[in-house]
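Structure file my_file-v1.cif with mmCIF, N, CA and C atoms:
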data_query
loop_
_atom_site.label_atom_id
_atom_site.label_comp_id
_atom_site.auth_asym_id
_atom_site.auth_seq_id
_atom_site.Cartn_x
_atom_site.Cartn_y
_atom_site.Cartn_z
N ASP K 1 10.07 12.41 -33.16
CA ASP K 1 9.38 13.17 -32.12
C ASP K 1 8.16 13.87 -32.69
N THR K 2 7.12 13.83 -31.94
CA THR K 2 5.93 14.56 -32.35
C THR K 2 6.01 15.98 -31.79
N ILE K 3 5.15 16.85 -32.30
CA ILE K 3 5.10 18.24 -31.81
C ILE K 3 4.78 18.23 -30.31
N LYS K 4 3.88 17.35 -29.90
CA LYS K 4 3.49 17.27 -28.49
C LYS K 4 4.70 16.90 -27.61
N GLN K 5 5.49 15.92 -28.06
CA GLN K 5 6.67 15.50 -27.30
C GLN K 5 7.70 16.63 -27.22
N LYS K 6 7.91 17.33 -28.33
CA LYS K 6 8.88 18.43 -28.34
C LYS K 6 8.43 19.55 -27.41
N THR K 7 7.15 19.85 -27.42
CA THR K 7 6.62 20.88 -26.54
C THR K 7 6.80 20.48 -25.08
N PHE K 8 6.50 19.20 -24.79
CA PHE K 8 6.66 18.69 -23.43
C PHE K 8 8.12 18.84 -22.99
N THR K 9 9.05 18.43 -23.85
CA THR K 9 10.47 18.50 -23.52
C THR K 9 10.90 19.94 -23.30
N LYS K 10 10.47 20.87 -24.14
CA LYS K 10 10.82 22.28 -23.95
C LYS K 10 10.27 22.79 -22.63
N ASN K 11 9.03 22.42 -22.30
CA ASN K 11 8.44 22.86 -21.05
C ASN K 11 9.18 22.29 -19.85
N ILE K 12 9.55 21.02 -19.92
CA ILE K 12 10.30 20.40 -18.82
C ILE K 12 11.66 21.07 -18.68
N ASN K 13 12.33 21.32 -19.79
CA ASN K 13 13.64 21.98 -19.72
C ASN K 13 13.53 23.37 -19.12
N LEU K 14 12.51 24.11 -19.46
CA LEU K 14 12.28 25.42 -18.87
C LEU K 14 12.01 25.28 -17.38
N PHE K 15 11.18 24.28 -17.03
CA PHE K 15 10.87 24.01 -15.63
C PHE K 15 12.15 23.73 -14.85
N LEU K 16 13.03 22.89 -15.41
CA LEU K 16 14.27 22.56 -14.72
C LEU K 16 15.18 23.77 -14.61
N LEU K 17 15.21 24.59 -15.63
CA LEU K 17 16.02 25.79 -15.58
C LEU K 17 15.59 26.67 -14.41
N LEU K 18 14.31 26.74 -14.18
CA LEU K 18 13.79 27.54 -13.08
C LEU K 18 13.90 26.83 -11.74
N LEU K 19 13.85 25.49 -11.78
CA LEU K 19 13.81 24.71 -10.56
C LEU K 19 15.18 24.36 -10.01
N TYR K 20 16.22 24.39 -10.84
CA TYR K 20 17.51 23.82 -10.43
C TYR K 20 17.97 24.33 -9.08
N ARG K 21 17.74 25.59 -8.82
CA ARG K 21 18.25 26.16 -7.58
C ARG K 21 17.59 25.55 -6.35
N SER K 22 16.28 25.32 -6.43
CA SER K 22 15.61 24.75 -5.28
C SER K 22 15.80 23.25 -5.19
N SER K 23 16.07 22.61 -6.31
CA SER K 23 16.22 21.15 -6.29
C SER K 23 17.60 20.75 -5.81
N GLY K 24 18.59 21.56 -6.09
CA GLY K 24 19.94 21.27 -5.66
C GLY K 24 20.76 20.48 -6.66
N ILE K 25 20.20 20.11 -7.78
CA ILE K 25 20.99 19.35 -8.75
C ILE K 25 21.99 20.29 -9.39
N ASN K 26 23.22 19.86 -9.48
CA ASN K 26 24.26 20.74 -9.97
C ASN K 26 25.37 19.91 -10.59
N ALA K 27 25.11 19.31 -11.70
CA ALA K 27 26.07 18.48 -12.43
C ALA K 27 26.92 17.62 -11.51
N GLU K 28 26.46 16.44 -11.24
CA GLU K 28 27.11 15.44 -10.40
C GLU K 28 27.13 15.84 -8.93
N TYR K 29 26.16 16.55 -8.50
CA TYR K 29 26.21 17.09 -7.14
C TYR K 29 24.80 17.25 -6.63
N GLY K 30 24.59 16.99 -5.37
CA GLY K 30 23.27 17.10 -4.80
C GLY K 30 22.96 18.42 -4.15
N GLY K 31 23.87 19.33 -4.12
CA GLY K 31 23.61 20.63 -3.51
C GLY K 31 23.66 20.55 -2.00
N ARG K 32 23.82 21.70 -1.37
CA ARG K 32 23.82 21.75 0.09
C ARG K 32 22.41 21.87 0.60
N PHE K 33 22.22 21.52 1.85
CA PHE K 33 20.90 21.62 2.46
C PHE K 33 20.79 22.97 3.17
N PHE K 34 20.94 24.06 2.42
CA PHE K 34 20.88 25.39 3.03
C PHE K 34 19.54 25.64 3.70
N GLU K 35 18.47 25.39 2.99
CA GLU K 35 17.14 25.69 3.51
C GLU K 35 16.25 24.48 3.48
N GLY K 36 16.82 23.31 3.48
CA GLY K 36 16.03 22.10 3.39
C GLY K 36 16.65 20.98 4.18
N THR K 37 16.03 19.84 4.06
CA THR K 37 16.45 18.67 4.81
C THR K 37 16.75 17.53 3.84
N ALA K 38 17.33 16.48 4.37
CA ALA K 38 17.60 15.30 3.55
C ALA K 38 16.31 14.73 2.95
N PRO K 39 15.21 14.64 3.70
CA PRO K 39 13.97 14.15 3.08
C PRO K 39 13.49 15.05 1.93
N GLU K 40 13.65 16.37 2.07
CA GLU K 40 13.24 17.28 1.00
C GLU K 40 14.14 17.13 -0.22
N MET K 41 15.44 16.97 0.01
CA MET K 41 16.37 16.79 -1.11
C MET K 41 16.10 15.45 -1.79
N HIS K 42 15.82 14.43 -1.01
CA HIS K 42 15.49 13.12 -1.57
C HIS K 42 14.25 13.23 -2.45
N ARG K 43 13.25 13.91 -1.95
CA ARG K 43 12.02 14.07 -2.74
C ARG K 43 12.32 14.81 -4.05
N ALA K 44 13.06 15.91 -3.96
CA ALA K 44 13.35 16.70 -5.15
C ALA K 44 14.17 15.91 -6.18
N LEU K 45 15.22 15.26 -5.74
CA LEU K 45 16.11 14.57 -6.67
C LEU K 45 15.59 13.22 -7.12
N ILE K 46 15.06 12.43 -6.19
CA ILE K 46 14.69 11.05 -6.50
C ILE K 46 13.23 10.93 -6.93
N GLU K 47 12.34 11.53 -6.19
CA GLU K 47 10.91 11.36 -6.48
C GLU K 47 10.39 12.29 -7.57
N VAL K 48 11.04 13.43 -7.77
CA VAL K 48 10.57 14.39 -8.77
C VAL K 48 11.46 14.37 -10.02
N LEU K 49 12.74 14.69 -9.86
CA LEU K 49 13.61 14.84 -11.03
C LEU K 49 14.00 13.52 -11.68
N SER K 50 14.32 12.50 -10.89
CA SER K 50 14.82 11.27 -11.50
C SER K 50 13.76 10.49 -12.27
N VAL K 51 12.49 10.84 -12.09
CA VAL K 51 11.44 10.14 -12.84
C VAL K 51 11.14 10.84 -14.17
N LEU K 52 11.77 11.99 -14.41
CA LEU K 52 11.60 12.67 -15.69
C LEU K 52 12.29 11.86 -16.79
N PRO K 53 11.94 12.06 -18.04
CA PRO K 53 12.61 11.32 -19.12
C PRO K 53 14.13 11.53 -19.07
N ASP K 54 14.87 10.47 -19.34
CA ASP K 54 16.33 10.52 -19.25
C ASP K 54 16.94 11.61 -20.13
N HIS K 55 16.31 11.94 -21.24
CA HIS K 55 16.88 12.95 -22.14
C HIS K 55 16.62 14.39 -21.67
N THR K 56 15.90 14.56 -20.56
CA THR K 56 15.60 15.89 -20.04
C THR K 56 16.90 16.60 -19.66
N ARG K 57 17.09 17.77 -20.22
CA ARG K 57 18.31 18.54 -19.96
C ARG K 57 18.24 19.24 -18.61
N VAL K 58 19.39 19.32 -17.96
CA VAL K 58 19.52 19.98 -16.67
C VAL K 58 20.50 21.12 -16.82
N TYR K 59 20.03 22.30 -16.53
CA TYR K 59 20.86 23.50 -16.60
C TYR K 59 21.15 23.96 -15.18
N CYS K 60 22.38 23.80 -14.74
CA CYS K 60 22.72 24.28 -13.42
C CYS K 60 23.45 25.60 -13.54
N GLY K 61 23.50 26.32 -12.46
CA GLY K 61 24.01 27.68 -12.51
C GLY K 61 25.50 27.84 -12.26
N HIS K 62 26.21 26.74 -12.01
CA HIS K 62 27.63 26.84 -11.70
C HIS K 62 28.40 25.76 -12.44
N GLU K 63 29.65 26.01 -12.67
CA GLU K 63 30.53 25.06 -13.35
C GLU K 63 31.39 24.35 -12.31
N TYR K 64 30.76 23.43 -11.58
CA TYR K 64 31.45 22.68 -10.53
C TYR K 64 31.64 21.21 -10.91
N THR K 65 31.46 20.88 -12.17
CA THR K 65 31.45 19.49 -12.59
C THR K 65 32.74 18.76 -12.20
N ALA K 66 33.89 19.32 -12.51
CA ALA K 66 35.16 18.63 -12.23
C ALA K 66 35.32 18.37 -10.73
N ALA K 67 35.05 19.36 -9.92
CA ALA K 67 35.18 19.20 -8.47
C ALA K 67 34.18 18.16 -7.94
N ASN K 68 32.97 18.19 -8.46
CA ASN K 68 31.96 17.25 -7.99
C ASN K 68 32.26 15.83 -8.42
N LEU K 69 32.91 15.68 -9.57
CA LEU K 69 33.28 14.34 -10.01
C LEU K 69 34.36 13.73 -9.13
N LYS K 70 35.19 14.56 -8.50
CA LYS K 70 36.17 14.04 -7.55
C LYS K 70 35.45 13.33 -6.40
N PHE K 71 34.37 13.94 -5.94
CA PHE K 71 33.60 13.32 -4.86
C PHE K 71 32.90 12.06 -5.37
N ALA K 72 32.35 12.12 -6.56
CA ALA K 72 31.69 10.93 -7.12
C ALA K 72 32.68 9.77 -7.21
N LYS K 73 33.92 10.07 -7.60
CA LYS K 73 34.95 9.02 -7.68
C LYS K 73 35.32 8.52 -6.29
N HIS K 74 35.31 9.39 -5.30
CA HIS K 74 35.56 8.99 -3.92
C HIS K 74 34.50 7.99 -3.45
N VAL K 75 33.25 8.24 -3.81
CA VAL K 75 32.15 7.36 -3.40
C VAL K 75 32.14 6.07 -4.21
N GLU K 76 32.32 6.19 -5.51
CA GLU K 76 32.27 5.03 -6.41
C GLU K 76 33.52 5.00 -7.29
N PRO K 77 34.66 4.60 -6.72
CA PRO K 77 35.92 4.67 -7.47
C PRO K 77 35.99 3.78 -8.70
N ASN K 78 35.15 2.77 -8.77
CA ASN K 78 35.16 1.86 -9.91
C ASN K 78 33.97 2.04 -10.84
N ASN K 79 33.21 3.11 -10.67
CA ASN K 79 32.06 3.36 -11.54
C ASN K 79 32.60 3.83 -12.90
N PRO K 80 32.44 3.02 -13.95
CA PRO K 80 32.99 3.40 -15.25
C PRO K 80 32.40 4.70 -15.80
N GLU K 81 31.17 5.01 -15.43
CA GLU K 81 30.55 6.26 -15.89
C GLU K 81 31.21 7.47 -15.24
N VAL K 82 31.57 7.35 -13.98
CA VAL K 82 32.28 8.44 -13.30
C VAL K 82 33.64 8.65 -13.97
N LEU K 83 34.35 7.57 -14.21
CA LEU K 83 35.68 7.66 -14.83
C LEU K 83 35.59 8.25 -16.24
N ARG K 84 34.59 7.82 -17.00
CA ARG K 84 34.39 8.36 -18.36
C ARG K 84 34.07 9.85 -18.29
N MET K 85 33.20 10.22 -17.35
CA MET K 85 32.79 11.62 -17.24
C MET K 85 33.95 12.51 -16.81
N ILE K 86 34.84 11.99 -15.97
CA ILE K 86 36.03 12.75 -15.58
C ILE K 86 36.86 13.08 -16.81
N GLU K 87 37.05 12.10 -17.68
CA GLU K 87 37.82 12.33 -18.90
C GLU K 87 37.10 13.29 -19.85
N ASP K 88 35.79 13.11 -20.02
CA ASP K 88 35.01 14.01 -20.87
C ASP K 88 35.07 15.44 -20.35
N THR K 89 34.97 15.60 -19.05
CA THR K 89 35.00 16.93 -18.44
C THR K 89 36.37 17.57 -18.62
N ARG K 90 37.41 16.80 -18.41
CA ARG K 90 38.77 17.32 -18.60
C ARG K 90 38.95 17.82 -20.03
N ALA K 91 38.51 17.02 -20.99
CA ALA K 91 38.66 17.39 -22.41
C ALA K 91 37.87 18.67 -22.73
N LYS K 92 36.66 18.76 -22.21
CA LYS K 92 35.84 19.96 -22.47
C LYS K 92 36.47 21.20 -21.84
N ARG K 93 36.93 21.08 -20.61
CA ARG K 93 37.50 22.24 -19.93
C ARG K 93 38.80 22.69 -20.61
N GLU K 94 39.59 21.73 -21.11
CA GLU K 94 40.83 22.10 -21.83
C GLU K 94 40.52 22.90 -23.09
N LYS K 95 39.37 22.64 -23.69
CA LYS K 95 38.94 23.37 -24.89
C LYS K 95 38.18 24.64 -24.54
N GLY K 96 37.96 24.88 -23.25
CA GLY K 96 37.20 26.04 -22.82
C GLY K 96 35.71 25.88 -23.00
N GLU K 97 35.25 24.64 -23.13
CA GLU K 97 33.83 24.36 -23.32
C GLU K 97 33.15 24.10 -21.97
N PRO K 98 31.88 24.45 -21.86
CA PRO K 98 31.15 24.16 -20.63
C PRO K 98 30.81 22.67 -20.54
N THR K 99 30.60 22.21 -19.34
CA THR K 99 30.20 20.81 -19.14
C THR K 99 28.70 20.68 -18.93
N VAL K 100 28.01 21.78 -18.95
CA VAL K 100 26.55 21.80 -18.81
C VAL K 100 25.95 22.39 -20.07
N PRO K 101 24.73 22.04 -20.42
CA PRO K 101 23.81 21.24 -19.62
C PRO K 101 24.18 19.76 -19.63
N THR K 102 23.60 19.05 -18.69
CA THR K 102 23.69 17.61 -18.62
C THR K 102 22.27 17.07 -18.79
N THR K 103 22.08 15.79 -18.56
CA THR K 103 20.73 15.23 -18.65
C THR K 103 20.42 14.43 -17.39
N ILE K 104 19.16 14.23 -17.16
CA ILE K 104 18.72 13.40 -16.03
C ILE K 104 19.32 12.00 -16.16
N GLY K 105 19.30 11.45 -17.36
CA GLY K 105 19.84 10.11 -17.57
C GLY K 105 21.31 10.00 -17.20
N LEU K 106 22.10 11.00 -17.58
CA LEU K 106 23.52 10.99 -17.23
C LEU K 106 23.71 11.16 -15.73
N GLU K 107 22.96 12.07 -15.14
CA GLU K 107 23.07 12.28 -13.69
C GLU K 107 22.81 10.99 -12.92
N LYS K 108 21.86 10.20 -13.39
CA LYS K 108 21.53 8.94 -12.70
C LYS K 108 22.66 7.92 -12.81
N LEU K 109 23.56 8.10 -13.75
CA LEU K 109 24.67 7.17 -13.92
C LEU K 109 25.86 7.47 -13.01
N TYR K 110 26.05 8.76 -12.65
CA TYR K 110 27.27 9.07 -11.88
C TYR K 110 27.09 10.04 -10.72
N ASN K 111 25.96 10.62 -10.54
CA ASN K 111 25.75 11.55 -9.43
C ASN K 111 25.38 10.75 -8.18
N PRO K 112 26.24 10.70 -7.16
CA PRO K 112 25.94 9.89 -5.98
C PRO K 112 24.62 10.26 -5.32
N PHE K 113 24.23 11.52 -5.42
CA PHE K 113 22.99 11.95 -4.78
C PHE K 113 21.75 11.48 -5.54
N MET K 114 21.95 11.00 -6.75
CA MET K 114 20.84 10.40 -7.50
C MET K 114 20.99 8.89 -7.54
N ARG K 115 21.94 8.37 -6.77
CA ARG K 115 22.21 6.93 -6.73
C ARG K 115 22.09 6.40 -5.30
N VAL K 116 21.25 7.02 -4.49
CA VAL K 116 21.15 6.68 -3.07
C VAL K 116 20.55 5.30 -2.80
N LYS K 117 20.05 4.66 -3.84
CA LYS K 117 19.53 3.29 -3.67
C LYS K 117 20.50 2.27 -4.23
N ARG K 118 21.64 2.70 -4.73
CA ARG K 118 22.61 1.82 -5.37
C ARG K 118 23.59 1.26 -4.34
N GLY K 119 24.11 0.08 -4.61
CA GLY K 119 24.98 -0.65 -3.69
C GLY K 119 26.14 0.11 -3.11
N LYS K 120 26.98 0.69 -3.95
CA LYS K 120 28.18 1.35 -3.44
C LYS K 120 27.83 2.58 -2.61
N CYS K 121 26.82 3.33 -3.01
CA CYS K 121 26.43 4.51 -2.24
C CYS K 121 25.87 4.10 -0.88
N THR K 122 25.08 3.04 -0.86
CA THR K 122 24.54 2.57 0.43
C THR K 122 25.66 1.98 1.28
N GLU K 123 26.62 1.35 0.63
CA GLU K 123 27.77 0.78 1.36
C GLU K 123 28.59 1.88 2.01
N VAL K 124 28.89 2.93 1.27
CA VAL K 124 29.66 4.06 1.80
C VAL K 124 28.91 4.71 2.96
N ALA K 125 27.59 4.84 2.82
CA ALA K 125 26.78 5.48 3.87
C ALA K 125 26.51 4.54 5.04
N GLY K 126 26.63 3.24 4.83
CA GLY K 126 26.34 2.28 5.90
C GLY K 126 24.86 2.19 6.21
N SER K 127 24.03 2.44 5.20
CA SER K 127 22.58 2.41 5.38
C SER K 127 21.93 2.04 4.06
N THR K 128 20.74 1.44 4.15
CA THR K 128 19.97 1.17 2.94
C THR K 128 18.75 2.08 2.84
N ASP K 129 18.56 2.92 3.84
CA ASP K 129 17.47 3.90 3.80
C ASP K 129 17.92 5.06 2.90
N PRO K 130 17.25 5.26 1.74
CA PRO K 130 17.74 6.28 0.79
C PRO K 130 17.80 7.70 1.36
N VAL K 131 16.91 8.05 2.25
CA VAL K 131 16.95 9.39 2.85
C VAL K 131 18.16 9.51 3.77
N GLU K 132 18.43 8.47 4.52
CA GLU K 132 19.60 8.46 5.40
C GLU K 132 20.88 8.47 4.57
N VAL K 133 20.88 7.73 3.46
CA VAL K 133 22.04 7.73 2.56
C VAL K 133 22.27 9.14 2.03
N MET K 134 21.20 9.83 1.64
CA MET K 134 21.30 11.21 1.15
C MET K 134 21.94 12.09 2.22
N LYS K 135 21.46 11.98 3.44
CA LYS K 135 21.97 12.78 4.55
C LYS K 135 23.45 12.50 4.81
N ILE K 136 23.82 11.23 4.83
CA ILE K 136 25.20 10.84 5.11
C ILE K 136 26.12 11.26 3.96
N LEU K 137 25.67 11.07 2.72
CA LEU K 137 26.47 11.50 1.58
C LEU K 137 26.72 13.01 1.62
N ARG K 138 25.68 13.76 1.99
CA ARG K 138 25.85 15.22 2.05
C ARG K 138 26.88 15.59 3.11
N ALA K 139 26.80 14.97 4.29
CA ALA K 139 27.76 15.25 5.36
C ALA K 139 29.17 14.82 4.93
N THR K 140 29.26 13.70 4.25
CA THR K 140 30.54 13.21 3.74
C THR K 140 31.10 14.18 2.71
N LYS K 141 30.25 14.71 1.84
CA LYS K 141 30.68 15.67 0.82
C LYS K 141 31.20 16.95 1.47
N ASP K 142 30.53 17.40 2.54
CA ASP K 142 30.99 18.60 3.23
C ASP K 142 32.40 18.39 3.80
N LYS K 143 32.64 17.24 4.42
CA LYS K 143 33.97 16.92 4.96
C LYS K 143 34.99 16.75 3.84
N PHE K 144 34.58 16.09 2.76
CA PHE K 144 35.44 15.85 1.61
C PHE K 144 35.91 17.17 1.02
N LYS K 145 34.99 18.11 0.90
CA LYS K 145 35.34 19.40 0.32
C LYS K 145 36.37 20.13 1.18
N ARG K 146 36.19 20.10 2.49
CA ARG K 146 37.14 20.77 3.38
C ARG K 146 38.51 20.10 3.30
N MET K 147 38.54 18.79 3.15
CA MET K 147 39.81 18.05 3.09
C MET K 147 40.52 18.25 1.76
N ASN K 148 39.78 18.63 0.71
CA ASN K 148 40.36 18.72 -0.63
C ASN K 148 40.43 20.13 -1.17
N LEU K 149 40.49 21.12 -0.29
CA LEU K 149 40.61 22.51 -0.74
C LEU K 149 42.00 22.83 -1.19
#
Represent the structure of the file as structure tokens.
Amino acid sequence: DTIKQKTFTKNINLFLLLLYRSSGINAEYGGRFFEGTAPEMHRALIEVLSVLPDHTRVYCGHEYTAANLKFAKHVEPNNPEVLRMIEDTRAKREKGEPTVPTTIGLEKLYNPFMRVKRGKCTEVAGSTDPVEVMKILRATKDKFKRMNL
């Protein structure tokens, strides 16, 4: 790594630390649409964050990884990355370790809200329009959460 690359990475990580709340990324989770819409969430997650370098660290403000992975498994039950992450998360939590930060690259492997153009996510949503998939996944997550309390 050059000094320029390290500086860029530090700046991006700081940017994400400040941005996480408005972007909605939260370790395997797309966040609720409290003050935004599916198109805005799509823009934040897919057009802005997912194009950052895969090694970019994501610092979210809550430890919801295990709960969010249950939803990811519901959407993509055969995704080996989801299954691996469930085991990694379980091991970390048993040791009292945090599951964050994560990286953009990892999020793209198992976060359904960053996989809105992928086959299984579009299949579950019944749409190939990524914004519509985002909207349907969010509504599905809301119902899923109520059913799994």
Picked residues, the PyMOL selection byres (((chain K and resi 71 and name CA) around 9) and name CA), as a VMD selection string: chain K and resid 28 to 29 67 to 70 72 to 76 112 141 144 to 145
Coordinates-based distance that separates CA of Thr140 in chain K from CA of Thr128 in chain K (Å, one decimal):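 These two atoms are separated by 16.0 Å.
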CA of Thr102 in chain K to CA of Leu83 in chain K, distance in Å rounded to a single decimal: 16.0 Å
Result set, the PyMOL selection byres ((chain K and resi 40-55) around 6.5) on current file, as a list in words: Ser23, Gly36, Thr37, Ala38, Pro39, Thr56, Arg57, Thr103, Ile104, Gly105, Leu106, Met114 and Val131 of chain K
Between CA of Val82 in chain K and CA of Asn111 in chain K - distance in Å to one decimal: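 So the answer is 8.2 Å.
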DSSP helix (DSSP H, G or I) residues within range 78-125 of chain K, listed as a ChimeraX atom specification: /K:80-94,104-110,112-114,119-125
All strand (DSSP E) positions in range 32-105 of chain K, as number ranges by chain: K: 57-58, 102-103
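When the PyMOL selection byres (((chain K and resi 133 and name CA) around 9) and name CA) is evaluated against the file, it yields Ala38, Phe113, Val116, Lys117, Cys121, Thr122, Val124, Ala125, Gly126, Ser127, Thr128, Asp129, Pro130, Val131, Glu132, Met134, Lys135, Ile136, Leu137 and Arg138 of chain K.
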